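**Student:** Dropping in query_38.csv, which is CSV, C-alpha atoms:
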chain,number,residue,atom,x,y,z
D,107,MET,CA,176.4,81.2,127.3
D,108,SER,CA,178.2,80.6,124.0
D,109,ILE,CA,177.4,77.5,121.9
D,110,SER,CA,180.0,75.6,120.0
D,111,LEU,CA,178.5,74.1,116.9
D,112,ILE,CA,179.8,70.7,115.7
D,113,THR,CA,179.8,69.5,112.0
D,114,THR,CA,178.2,66.1,111.6
D,115,GLU,CA,179.0,63.6,108.9
D,116,ASP,CA,176.5,64.9,106.4
D,117,GLY,CA,177.8,68.5,106.8
D,118,SER,CA,174.9,69.7,108.9
D,119,LEU,CA,175.5,71.2,112.3
D,120,SER,CA,174.9,70.0,115.9
D,121,CYS,CA,176.1,70.8,119.3
D,122,ARG,CA,176.7,69.1,122.6
D,123,ASP,CA,174.5,69.6,125.6
D,124,SER,CA,176.4,70.7,128.7
D,125,GLU,CA,174.1,69.0,131.2
D,126,THR,CA,173.7,65.5,129.6
D,127,GLY,CA,176.9,65.5,127.6
D,128,GLU,CA,174.9,64.3,124.6
D,129,LEU,CA,174.9,65.6,121.0
D,130,TYR,CA,171.7,67.1,119.9
D,131,HIS,CA,171.8,64.8,116.8
D,132,ASN,CA,173.0,61.6,115.4
D,133,ARG,CA,176.7,61.7,114.4
D,134,ALA,CA,175.7,60.5,110.9
D,135,GLY,CA,174.1,63.9,110.4
D,136,ALA,CA,171.4,66.2,111.8
D,137,ILE,CA,169.7,66.4,108.4
D,138,THR,CA,170.1,62.7,107.7
D,139,GLU,CA,168.5,61.9,111.1
D,140,ALA,CA,165.7,64.4,110.6
D,141,ARG,CA,164.8,62.8,107.2
D,142,ALA,CA,165.1,59.2,108.2
D,143,SER,CA,163.5,59.4,111.7
D,144,TYR,CA,160.9,62.1,111.2
D,145,LEU,CA,160.2,63.3,107.7
D,146,TYR,CA,160.0,60.0,105.7
D,147,PRO,CA,158.1,57.9,108.2
D,148,SER,CA,155.7,60.7,108.9
D,149,ALA,CA,154.4,60.7,105.3
D,150,ALA,CA,154.0,64.4,105.9
D,151,VAL,CA,154.1,65.4,102.2
D,152,GLU,CA,151.4,62.9,101.4
D,153,VAL,CA,149.2,64.0,104.4
D,154,PHE,CA,149.6,67.7,103.4
D,155,ARG,CA,148.8,66.9,99.7
D,156,SER,CA,145.6,65.2,100.7
D,157,ARG,CA,144.4,67.7,103.4
D,158,GLY,CA,145.9,71.0,102.4
D,159,ARG,CA,146.8,71.6,106.0
D,160,LEU,CA,149.4,70.2,108.4
D,161,ASN,CA,149.6,70.8,112.1
D,162,VAL,CA,152.9,69.9,113.7
D,163,LEU,CA,154.1,69.9,117.3
D,164,ASP,CA,157.9,69.9,117.5
D,165,ILE,CA,159.0,68.9,120.9
D,166,CYS,CA,162.5,70.0,122.1
D,167,PHE,CA,162.8,72.1,119.0
D,168,GLY,CA,166.5,72.8,119.5
D,169,LEU,CA,168.2,73.8,116.2
D,170,GLY,CA,164.9,73.0,114.4
D,171,TYR,CA,166.1,70.5,111.9
D,172,ASN,CA,163.0,68.3,112.0
D,173,THR,CA,160.9,71.3,111.1
D,174,TRP,CA,163.3,72.7,108.5
D,175,VAL,CA,163.6,69.4,106.7
D,176,LEU,CA,159.8,69.1,106.6
D,177,LEU,CA,159.3,72.6,105.2
D,178,ALA,CA,162.1,72.1,102.6
D,179,ALA,CA,160.4,68.9,101.4
D,180,LEU,CA,157.0,70.7,101.1
D,181,ALA,CA,158.7,73.7,99.3
D,182,GLU,CA,160.0,71.3,96.6
D,183,ALA,CA,157.1,68.9,96.4
D,184,PRO,CA,154.8,69.0,93.3
D,185,ASN,CA,151.0,69.4,93.5
D,186,VAL,CA,150.8,70.7,97.1
D,187,ALA,CA,149.0,73.7,98.4
D,188,GLY,CA,147.9,75.0,101.8
D,189,CYS,CA,149.2,76.0,105.2
D,190,VAL,CA,151.6,74.3,107.6
D,191,ASN,CA,151.3,75.3,111.3
D,192,VAL,CA,154.3,74.4,113.5
D,193,LEU,CA,154.4,74.8,117.3
D,194,GLY,CA,157.9,74.3,118.7
D,195,ILE,CA,158.6,73.9,122.4
D,196,ASP,CA,162.0,74.1,124.1
D,197,LEU,CA,163.1,75.1,127.5
D,198,ASP,CA,166.6,76.3,126.4
D,199,SER,CA,166.2,79.6,124.5
D,200,THR,CA,170.0,79.8,124.0
D,201,ILE,CA,170.1,77.1,121.4
D,202,LEU,CA,167.5,79.0,119.3
D,203,THR,CA,170.1,81.7,118.7
D,204,CYS,CA,171.9,79.3,116.3
D,205,ILE,CA,168.9,78.8,114.0
D,206,GLU,CA,170.0,81.6,111.6
D,207,THR,CA,173.3,79.7,111.1
D,208,VAL,CA,171.6,76.4,110.6
D,209,LEU,CA,169.4,77.8,107.9
D,210,GLU,CA,172.6,78.8,105.9
D,211,ASP,CA,173.1,75.1,105.1
D,212,ARG,CA,173.1,74.5,101.4
D,213,GLN,CA,170.8,71.4,101.9
D,214,LEU,CA,168.2,73.9,103.2
D,215,SER,CA,168.8,76.5,100.6
D,216,VAL,CA,165.2,76.3,99.3
D,217,LEU,CA,164.2,78.0,102.6
D,218,LYS,CA,166.6,80.9,102.4
D,219,GLY,CA,164.9,84.3,102.6
D,220,LYS,CA,161.4,82.7,102.9
D,221,PHE,CA,160.7,83.8,106.5
D,222,GLU,CA,159.7,87.3,107.5
D,223,ARG,CA,162.4,87.2,110.1
D,224,ASN,CA,164.8,84.8,111.7
D,225,PRO,CA,162.7,82.1,113.4
D,226,SER,CA,163.3,82.2,117.1
D,227,LEU,CA,161.1,82.7,120.1
D,228,GLY,CA,157.7,84.0,119.2
D,229,LYS,CA,155.8,83.8,115.9
D,230,THR,CA,157.2,83.7,112.4
D,231,PHE,CA,155.4,83.6,109.1
D,232,GLY,CA,156.6,82.5,105.7
D,233,GLN,CA,155.7,81.7,102.1
D,234,ILE,CA,158.0,78.8,101.4
D,235,SER,CA,156.6,78.3,97.9
D,236,LYS,CA,154.0,79.9,95.7
D,237,SER,CA,151.4,77.5,97.1
D,238,VAL,CA,152.6,76.7,100.6
D,239,HIS,CA,152.4,79.1,103.6
D,240,CYS,CA,153.8,78.4,107.0
D,241,ASN,CA,153.1,79.7,110.5
D,242,ILE,CA,155.8,78.9,113.1
D,243,GLU,CA,155.5,79.6,116.8
D,244,ILE,CA,158.4,78.7,119.2
D,245,ARG,CA,157.7,78.8,122.9
D,246,GLN,CA,160.3,78.7,125.7
D,247,ALA,CA,158.5,76.5,128.2
D,248,ASP,CA,158.8,73.4,130.5
D,249,LEU,CA,157.2,70.6,128.4
D,250,ARG,CA,155.5,69.0,131.3
D,251,LEU,CA,153.7,72.3,132.2
D,252,GLU,CA,153.0,73.3,128.7
D,253,ILE,CA,151.5,70.1,127.1
D,254,PRO,CA,148.5,69.8,129.5
D,255,LYS,CA,147.5,73.4,128.4
D,256,LEU,CA,147.4,72.6,124.7
D,257,SER,CA,144.2,72.0,122.9
D,258,GLY,CA,143.5,71.6,119.2
D,259,ASP,CA,144.3,68.8,116.8
D,260,PHE,CA,147.7,67.8,115.4
D,261,ASP,CA,148.7,65.6,112.6
D,262,LEU,CA,152.3,65.0,113.7
D,263,ILE,CA,154.4,65.2,116.9
D,264,PHE,CA,158.1,65.2,116.6
D,265,HIS,CA,159.4,64.0,120.0
D,266,ASP,CA,163.1,64.7,120.2
D,267,PRO,CA,164.5,65.2,123.8
D,268,PHE,CA,167.8,63.8,125.0
D,269,SER,CA,167.9,60.1,125.7
D,270,PRO,CA,165.3,58.5,128.1
D,271,ASN,CA,167.9,57.3,130.7
D,272,ARG,CA,169.2,60.9,130.9
D,273,VAL,CA,165.9,62.8,131.0
D,274,PRO,CA,163.2,60.2,131.8
D,275,GLU,CA,160.8,63.0,132.8
D,276,LEU,CA,160.4,63.8,129.1
D,277,TRP,CA,159.4,60.2,128.2
D,278,THR,CA,156.6,59.4,130.5
D,279,ILE,CA,153.2,57.9,129.9
D,280,GLU,CA,151.6,61.0,131.3
D,281,LEU,CA,153.1,63.0,128.4
D,282,PHE,CA,152.2,60.3,125.9
D,283,ARG,CA,148.6,60.4,127.0
D,284,HIS,CA,148.4,64.1,126.2
D,285,TYR,CA,150.0,63.3,122.8
D,286,HIS,CA,147.2,60.8,122.1
D,287,ARG,CA,144.6,63.4,123.0
D,288,LEU,CA,146.1,65.9,120.7
D,289,LEU,CA,146.5,63.5,117.8
D,290,GLU,CA,143.3,61.4,118.1
D,291,ARG,CA,140.9,63.5,116.0
D,292,ARG,CA,143.2,63.7,113.0
D,293,ARG,CA,144.6,60.2,113.5
D,294,GLY,CA,148.0,61.5,113.8
D,295,LYS,CA,151.4,60.0,114.6
D,296,VAL,CA,154.4,60.5,117.0
D,297,LEU,CA,157.9,60.2,115.6
D,298,THR,CA,161.0,59.7,117.7
D,299,TYR,CA,164.5,58.5,117.2
D,300,SER,CA,164.3,56.3,120.3
D,301,ALA,CA,163.7,52.5,120.2
D,302,ALA,CA,164.0,52.0,123.9
D,303,SER,CA,161.6,49.4,125.2
D,304,ALA,CA,160.5,51.7,128.1
D,305,VAL,CA,159.4,54.3,125.5
D,306,ARG,CA,157.6,51.8,123.3
D,307,GLY,CA,156.0,50.3,126.3
D,308,GLY,CA,154.7,53.7,127.3
D,309,PHE,CA,153.3,54.4,123.9
D,310,ARG,CA,151.6,51.0,123.8
D,311,GLU,CA,150.1,51.5,127.3
D,312,CYS,CA,148.6,54.8,126.0
D,313,GLY,CA,146.8,53.1,123.1
D,314,PHE,CA,149.2,53.8,120.3
D,315,GLU,CA,150.1,51.2,117.6
D,316,ILE,CA,153.9,51.1,117.4
D,317,PHE,CA,156.2,50.6,114.5
D,318,ARG,CA,159.9,50.7,113.9
D,319,THR,CA,161.6,53.2,111.6
D,320,ALA,CA,164.9,53.0,109.7
D,321,ALA,CA,168.3,52.9,111.4
D,322,VAL,CA,170.5,56.0,111.2
D,323,GLY,CA,174.2,55.6,111.6
D,324,ALA,CA,175.1,53.1,114.4
D,325,LYS,CA,171.7,53.3,116.0
D,326,SER,CA,169.1,50.6,115.6
D,327,GLY,CA,166.2,52.7,114.3
D,328,GLY,CA,163.5,54.8,115.9
D,329,THR,CA,159.8,54.5,116.7
D,330,LEU,CA,156.5,55.6,115.1
D,331,ALA,CA,153.5,55.6,117.5
D,332,ALA,CA,150.3,55.9,115.6
D,333,VAL,CA,146.8,56.6,116.7
D,334,ALA,CA,144.5,53.7,115.6
D,335,GLY,CA,143.3,54.3,112.0
D,336,SER,CA,146.4,56.1,110.7
D,337,SER,CA,148.4,54.5,107.8
D,338,PRO,CA,152.2,54.6,108.3
D,339,PRO,CA,154.1,54.3,104.9
D,340,SER,CA,155.0,50.7,104.5
D,341,ASP,CA,158.1,51.4,102.5
D,342,VAL,CA,160.0,53.1,105.3
D,343,VAL,CA,158.1,51.8,108.4
D,344,GLY,CA,158.0,48.2,109.6
D,345,PRO,CA,156.5,46.1,112.3
D,346,ILE,CA,158.2,45.7,115.6
D,347,PHE,CA,160.5,42.6,115.5
D,348,GLU,CA,159.5,39.6,117.6
D,349,SER,CA,162.5,40.0,119.8
D,350,GLU,CA,161.5,43.6,120.5
D,351,LEU,CA,158.0,42.6,121.3
D,352,GLU,CA,159.3,40.1,123.8
D,353,LYS,CA,161.3,42.9,125.5
D,354,LEU,CA,158.1,45.0,125.7
D,355,ASP,CA,156.5,42.2,127.8
D,356,SER,CA,159.5,41.9,130.1
D,357,ARG,CA,160.8,44.3,132.7
D,358,SER,CA,162.5,46.3,129.9
D,359,GLY,CA,159.1,47.4,128.7
D,360,VAL,CA,158.1,49.1,132.0
D,361,PRO,CA,157.5,52.7,131.1
D,362,TYR,CA,158.5,55.9,133.0
D,363,ARG,CA,155.8,57.3,135.2
D,364,ASP,CA,155.4,60.9,136.5
D,365,PHE,CA,152.3,60.9,138.6
D,366,SER,CA,152.5,64.6,139.7
D,367,GLY,CA,153.7,65.9,136.4
D,368,LEU,CA,156.6,67.5,138.3
D,369,ASP,CA,158.3,64.5,139.9
D,370,SER,CA,162.1,64.6,140.1
D,371,ARG,CA,164.3,62.6,137.7
D,372,THR,CA,165.5,60.5,140.6
D,373,ASP,CA,161.9,59.6,141.7
D,374,ILE,CA,160.9,58.7,138.2
D,375,LEU,CA,163.9,56.3,137.8
D,376,LYS,CA,163.4,54.8,141.3
D,377,ARG,CA,159.7,54.3,140.6
D,378,ARG,CA,160.5,52.4,137.4
D,379,GLU,CA,163.0,50.2,139.2
D,380,VAL,CA,160.4,49.2,141.8
D,381,GLU,CA,157.9,48.3,139.1
D,382,GLN,CA,160.5,46.4,137.2
D,383,LYS,CA,161.3,44.3,140.3
D,384,SER,CA,157.6,43.6,140.9
D,385,LYS,CA,157.2,42.5,137.3
D,386,GLN,CA,160.2,40.3,137.5
D,387,ILE,CA,158.8,38.6,140.6
D,388,LEU,CA,155.4,38.0,139.0
D,389,THR,CA,157.0,36.6,135.9
D,390,THR,CA,159.2,34.3,137.9
D,391,ASN,CA,156.2,33.1,139.9
D,392,LYS,CA,154.2,32.3,136.7
D,393,ASN,CA,157.1,30.3,135.3
D,394,ASP,CA,157.6,28.2,138.5
Taking this structure as input, can you express it in the form of structure tokens?

**Tutor:**
Amino acid sequence: MSISLITTEDGSLSCRDSETGELYHNRAGAITEARASYLYPSAAVEVFRSRGRLNVLDICFGLGYNTWVLLAALAEAPNVAGCVNVLGIDLDSTILTCIETVLEDRQLSVLKGKFERNPSLGKTFGQISKSVHCNIEIRQADLRLEIPKLSGDFDLIFHDPFSPNRVPELWTIELFRHYHRLLERRRGKVLTYSAASAVRGGFRECGFEIFRTAAVGAKSGGTLAAVAGSSPPSDVVGPIFESELEKLDSRSGVPYRDFSGLDSRTDILKRREVEQKSKQILTTNKND
């Protein structure tokens, strides 16, 4: 299957998913979104500078912009040294064939020629600066089957599937509980472009502290979900607005649930609708 790449407003490339009809990135720019929704609020450079090691889980890796922007920032940062380990997961191996083209972007020129081979499925190694080494592994796998198998400790999870109403099976509290497990020891953070109340409600139910990140293009901003004890950067991350908190306590904040880990999209959506109706009835009775 051939992939038609689309140029976004900042000059970086994206493409349209044939199943959902959605673009892989914000129209304002794939690189712009990767920086605003993932790199800056993650404080990745600061974490790496203090620890000398960074373990990243890049969910729905796609064209890889979230990882490339992170690595480019580390390659150009002063006073950093150590190793970055990235594990990318994506079910669609076809999209990975475009990575070589993506890395030709002048905004990522600092990475040109730094990898032993074109990053694709499998393991890739690179020396992105004199003092920063990176290990990248990209797995073609069903996220719901792969995540329960993972062990180890991560500093960051970049969560970047298509929108929750299109693929609710990739936004469930069952997945978010595994994220908390993988991040807990290193007091890590999940970053996502989504500000949906169902998503934030799911993070909150799993014990994360939730914050809002900056708006990109016409969107209202994303979400940072932090394990207790982590310190989100206050200059680019803010508290959830009062109006947003009210939504979390309403039927809008009911999360997606996937009890078997393999429930169909239809069943997950129907289950949420039933729970929303029950919550609405309870709320109505309390107010009577």

**Student:** Rounded to one decimal, what separation in Å do you get between CA of Leu249 in chain D and CA of Asp196 in chain D?

**Tutor:**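 Separation between CA of Leu249 in chain D and CA of Asp196 in chain D: 7.3 Å.
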
**Student:** List the neighbours of range 300-314 of chain D out to 6 Å using only C-alpha atoms; skip same-chain residues closer than 6 positions along the sequence, and give me the result as JSON, numbers by chain.

**Tutor:** {"D": [279, 283, 328, 329, 331, 332, 333, 354, 358, 359, 360, 361]}

**Student:** Would you output that residue set with C-alpha atoms, as a CSV table (one decimal), in the coordinates of the input?

**Tutor:**
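Wrote selection_1.csv, looks like this:
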chain,number,residue,atom,x,y,z
D,279,ILE,CA,153.2,57.9,129.9
D,283,ARG,CA,148.6,60.4,127.0
D,328,GLY,CA,163.5,54.8,115.9
D,329,THR,CA,159.8,54.5,116.7
D,331,ALA,CA,153.5,55.6,117.5
D,332,ALA,CA,150.3,55.9,115.6
D,333,VAL,CA,146.8,56.6,116.7
D,354,LEU,CA,158.1,45.0,125.7
D,358,SER,CA,162.5,46.3,129.9
D,359,GLY,CA,159.1,47.4,128.7
D,360,VAL,CA,158.1,49.1,132.0
D,361,PRO,CA,157.5,52.7,131.1

**Student:** Interatomic distance between CA of Glu222 in chain D and CA of Gly135 in chain D?

**Tutor:**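 Result for CA of Glu222 in chain D versus CA of Gly135 in chain D: 27.6 Å, one decimal.
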
**Student:** Find the residues near Val296 in chain D: any atom within 9 Å, counting only C-alpha atoms, skip ones fewer than 6 places away on the same chain, and give them as a PyMOL selection string.

**Tutor:** chain D and resi 144+148+261-265+285-286+289+329-333

**Student:** When distances are computed from only C-alpha atoms, which of D:Val322, D:Ala142, D:Cys189, D:Leu256 shows the smallest separation from Arg155 in chain D?

**Tutor:**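 Using only C-alpha atoms, Arg155 in chain D sits closest to D:Cys189.
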
**Student:** Grab the CA of Val162 in chain D to CA of Glu182 in chain D distance for me, in Å with one decimal place.

**Tutor:**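 Atom-to-atom, CA of Val162 in chain D and CA of Glu182 in chain D are spaced 18.6 Å apart.
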
**Student:** In terms of the shortest atom-to-atom distance over all atoms listed in the file, which of D:Lys218, D:Arg212, D:Arg363, D:Lys376 is closest to Leu281 in chain D?

**Tutor:**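 Ranking D:Lys218, D:Arg212, D:Arg363, D:Lys376 by distance to Leu281 in chain D, first place goes to D:Arg363.
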
**Student:** With only C-alpha atoms as the basis for distance, which of D:Ala181, D:Val343, D:Leu163, D:Ala334 is at the shortest distance from His239 in chain D?

**Tutor:** D:Ala181

**Student:** For Pro147 in chain D, list every protein, DNA or RNA residue within 7 Å, evaluated using only C-alpha atoms, and leave out those in the same chain fewer than 4 positions away; present the list as a PyMOL selection string.

**Tutor:** chain D and resi 143+319+338-339+342-343

**Student:** From the list D:Asp259, D:Glu315, D:Glu275, D:Glu210, which residue is nearest Glu290 in chain D when using only C-alpha atoms?

**Tutor:**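 Looking at the shortest contact to Glu290 in chain D, the residue is D:Asp259.
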
**Student:** For Gly258 in chain D, which residue among D:Arg287, D:Lys220, D:Lys383, D:Arg371 is the nearest when counting only C-alpha atoms?

**Tutor:**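 When distances to Gly258 in chain D are compared using only C-alpha atoms, the smallest one comes from D:Arg287.
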
**Student:** Looking at only C-alpha atoms, which of D:Ser118, D:Asn191, D:Ser237, D:Ser340 is the one that sits closest to Leu214 in chain D?

**Tutor:**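 Counting only C-alpha atoms, the residue closest to Leu214 in chain D is D:Ser118.
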
**Student:** Name the residues in contact with Phe154 in chain D at a cut-off of 12 Å, using all atoms listed in the file, excluding same-chain residues fewer than 2 positions from it; report them as a ChimeraX atom specification.

**Tutor:** /D:148-152,156-162,176-177,179-181,183-191,237-239,261-262

**Student:** Do you know which residues are at most 10 Å from Arg245 in chain D counting all atoms listed in the file, after dropping those on the same chain fewer than 6 positions away, and could you put them as a PyMOL selection string?

**Tutor:** chain D and resi 167+193-199+226-229+252

**Student:** Would you mind putting N, CA and C atoms back on range 164-186 of chain D and writing the result as a CSV table (one decimal), in the coordinates of the input?

**Tutor:**
chain,number,residue,atom,x,y,z
D,164,ASP,N,156.5,70.2,117.5
D,164,ASP,CA,157.9,69.9,117.5
D,164,ASP,C,158.4,70.0,118.9
D,165,ILE,N,158.6,68.9,119.5
D,165,ILE,CA,159.0,68.9,120.9
D,165,ILE,C,160.5,68.9,121.1
D,166,CYS,N,161.0,69.7,122.0
D,166,CYS,CA,162.5,70.0,122.1
D,166,CYS,C,163.0,70.4,120.8
D,167,PHE,N,162.6,71.6,120.4
D,167,PHE,CA,162.8,72.1,119.0
D,167,PHE,C,164.3,72.3,118.7
D,168,GLY,N,165.1,72.7,119.7
D,168,GLY,CA,166.5,72.8,119.5
D,168,GLY,C,166.9,73.7,118.3
D,169,LEU,N,167.7,73.1,117.4
D,169,LEU,CA,168.2,73.8,116.2
D,169,LEU,C,167.1,73.8,115.1
D,170,GLY,N,166.0,73.0,115.3
D,170,GLY,CA,164.9,73.0,114.4
D,170,GLY,C,165.0,72.2,113.2
D,171,TYR,N,165.9,71.2,113.1
D,171,TYR,CA,166.1,70.5,111.9
D,171,TYR,C,164.9,69.7,111.4
D,172,ASN,N,164.2,69.1,112.4
D,172,ASN,CA,163.0,68.3,112.0
D,172,ASN,C,162.0,69.2,111.3
D,173,THR,N,161.8,70.4,111.7
D,173,THR,CA,160.9,71.3,111.1
D,173,THR,C,161.4,71.8,109.7
D,174,TRP,N,162.7,72.2,109.7
D,174,TRP,CA,163.3,72.7,108.5
D,174,TRP,C,163.3,71.7,107.4
D,175,VAL,N,163.6,70.5,107.7
D,175,VAL,CA,163.6,69.4,106.7
D,175,VAL,C,162.2,69.2,106.1
D,176,LEU,N,161.2,69.2,107.0
D,176,LEU,CA,159.8,69.1,106.6
D,176,LEU,C,159.4,70.2,105.7
D,177,LEU,N,159.7,71.4,106.0
D,177,LEU,CA,159.3,72.6,105.2
D,177,LEU,C,160.1,72.6,103.9
D,178,ALA,N,161.3,72.2,103.9
D,178,ALA,CA,162.1,72.1,102.6
D,178,ALA,C,161.5,71.1,101.7
D,179,ALA,N,161.0,70.0,102.2
D,179,ALA,CA,160.4,68.9,101.4
D,179,ALA,C,159.1,69.4,100.8
D,180,LEU,N,158.3,70.2,101.6
D,180,LEU,CA,157.0,70.7,101.1
D,180,LEU,C,157.3,71.8,100.0
D,181,ALA,N,158.4,72.6,100.2
D,181,ALA,CA,158.7,73.7,99.3
D,181,ALA,C,159.0,73.1,97.9
D,182,GLU,N,159.6,71.9,97.9
D,182,GLU,CA,160.0,71.3,96.6
D,182,GLU,C,159.0,70.3,96.1
D,183,ALA,N,158.0,69.9,96.8
D,183,ALA,CA,157.1,68.9,96.4
D,183,ALA,C,156.1,69.4,95.3
D,184,PRO,N,155.8,68.6,94.3
D,184,PRO,CA,154.8,69.0,93.3
D,184,PRO,C,153.4,68.8,93.8
D,185,ASN,N,152.5,69.6,93.3
D,185,ASN,CA,151.0,69.4,93.5
D,185,ASN,C,150.7,69.5,95.0
D,186,VAL,N,151.2,70.4,95.7
D,186,VAL,CA,150.8,70.7,97.1
D,186,VAL,C,150.4,72.1,97.3
